[in-house]
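A.B. asks: The following block contains the structure, expressed as structure tokens.
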Amino acid sequence: MATEYTPTEMMDRESRSNRYYRNAVERHWDPGDIDLERDVENLLAFIDGTETDDRESWYGMLNGIAKFGAGEDAVTEDLAPLGTVLDDIDDQLFLTTQLYEEAKHADFFDRYWRDVVWTVEDELGWERSNPRHDRWFNDPYIELFDRNRRAQRRLLEEDTPETRANAYCHYHLTVEGILAQTGYYGMQTSYGGEFDDLPQLPGLVEGFTKIRSDEGRHVGFGMNQLKKLIAEGVDPDFIEETVEDLLPLVQGITEDNRYQPDDPEERVGLDDGQLAEYAITKHTDRMRQLTDAAADVPDVDELVSLEEDD
């Protein structure tokens, strides 16, 4: 009987993708294990101490969490086409861990909204906020995730080195490597205890720390795939131009100040422009590692520790 099935090659245990896969297995964590009780206590004490029931201020705190939650849902849904076209067993092994981890990240933010945000709102007698309400998502956010979805789904119609490079540029390099890492830095810094005018949220910070570590591995995989595509003939200018075209959308998301006071002097937390500067630094580092033939993508252990300790 005729068949199209052929066994795959054995794994290459020394390949970068296989090392990424093993690192993911060894660094497993469960979103349900993170203690969120102190976040509830600290938020209630903070709101009581400010003697205000201003929902705009509350929305200002929720804005970033809502964006991350919806974003993790979106990337979990959109990664599947890449898994369909990859033909290397080690690449496929890693991508299965990435899909699983994106689902875990979505799980964490869903749990945080239910167990922290709604618990605080119930305690205060406020109407429960909807984490998928249109208020959280400005036009640049919607445009970036629409473009990412199109880039991933195009692989199912036309699988070429350029469409793969385009997919990696959107997903791994921009959404994860620049936007998400910038947002994690901002949220961890804001709610990690550095600012007296903001509540300390240890559960949220712990979740971000673990997610950033996962994302460091994801970004490293995407960058390594792009380095290989460049070596095989994809024009580095194509990669740089693709990301450059997306950067204004990243800036529009990181500078979303709709729930901040109009007077910059009244704003708390990071200085205006600090997140944009961080995003530019991330972009510059990624481009140097990709386009400089002498530069190498850091090893996986270095990547995950960099993203934890940055």
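Letters A, B, ... mark the chains of the structure tokens in the order given; residue numbers begin at 1 per chain; ligand numbers begin at 1, in order shown.
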Find the residues around Ile47 of chain A up to 12 Å (only C-alpha atoms counted), leave out those fewer than 2 positions away in its own chain, and share them as a count of residues only.
C.D. replies: 23
A.B. asks: Report as a short mmCIF file (atom, residue, chain, number, x, y, z; two decimals) with C-alpha atoms, in the first residue's frame all protein, DNA and RNA residues lying within 10 Å of Ser15 of chain A, evaluated on only C-alpha atoms, omitting residues in the same chain fewer than 6 positions from it.
C.D. replies:
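Output file result.cif follows:
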data_model
loop_
_atom_site.label_atom_id
_atom_site.label_comp_id
_atom_site.auth_asym_id
_atom_site.auth_seq_id
_atom_site.Cartn_x
_atom_site.Cartn_y
_atom_site.Cartn_z
CA TYR A 21 13.38 22.27 24.33
CA ASP A 90 14.08 19.57 17.07
CA ASP A 91 12.34 22.76 15.92
#
A.B. asks: Of the candidates A:Leu155, A:Ile211, A:Ala231, A:Leu246, which one gets nearest to Glu72 of chain A if we count only C-alpha atoms?
C.D. replies: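 With only C-alpha atoms as the atom set, the closest residue is A:Ile211.
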A.B. asks: Near Met10 of chain A, counting only C-alpha atoms, which residues have an atom at most 10 Å away, once you skip same-chain residues fewer than 2 positions from it, shown as a PyMOL selection string?
C.D. replies: chain A and resi 7-8+12-13+88-90
A.B. asks: Just write the chosen residues, N, CA, C and O atoms, as a short mmCIF file (atom, residue, chain, number, x, y, z; two decimals), in the first residue's frame.
C.D. replies:
data_model
loop_
_atom_site.label_atom_id
_atom_site.label_comp_id
_atom_site.auth_asym_id
_atom_site.auth_seq_id
_atom_site.Cartn_x
_atom_site.Cartn_y
_atom_site.Cartn_z
N PRO A 7 9.65 8.07 8.49
CA PRO A 7 10.08 8.43 9.84
C PRO A 7 10.98 9.67 9.81
O PRO A 7 11.73 9.88 8.85
N THR A 8 10.91 10.45 10.87
CA THR A 8 11.80 11.61 10.95
C THR A 8 13.20 11.16 11.31
O THR A 8 13.43 10.05 11.76
N ASP A 12 18.70 15.79 17.24
CA ASP A 12 20.08 16.26 17.39
C ASP A 12 20.20 16.90 18.76
O ASP A 12 19.83 18.05 18.96
N ARG A 13 20.70 16.14 19.71
CA ARG A 13 20.73 16.60 21.10
C ARG A 13 21.62 17.82 21.30
O ARG A 13 21.49 18.52 22.31
N ASP A 88 11.75 20.20 10.85
CA ASP A 88 12.85 19.68 11.65
C ASP A 88 12.32 19.21 13.00
O ASP A 88 11.62 19.96 13.68
N ILE A 89 12.63 17.98 13.41
CA ILE A 89 12.07 17.43 14.63
C ILE A 89 12.44 18.26 15.86
O ILE A 89 11.63 18.45 16.77
N ASP A 90 13.66 18.79 15.91
CA ASP A 90 14.08 19.57 17.07
C ASP A 90 13.36 20.92 17.13
O ASP A 90 12.99 21.39 18.21
#
A.B. asks: Report, in Å to a single decimal, how far apart atom CA of Lys228 of chain A and atom CA of Glu26 of chain A are.
C.D. replies: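 Spanning atom CA of Glu26 of chain A to atom CA of Lys228 of chain A is a straight-line distance of 25.9 Å.
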A.B. asks: Which polymer residues have any atom within 12 Å of an atom of Gln92 of chain A, counting only C-alpha atoms, with same-chain residues fewer than 2 positions away left out, as number ranges by chain?
C.D. replies: A: 8, 11, 17-18, 20-21, 79-90, 94-99, 221
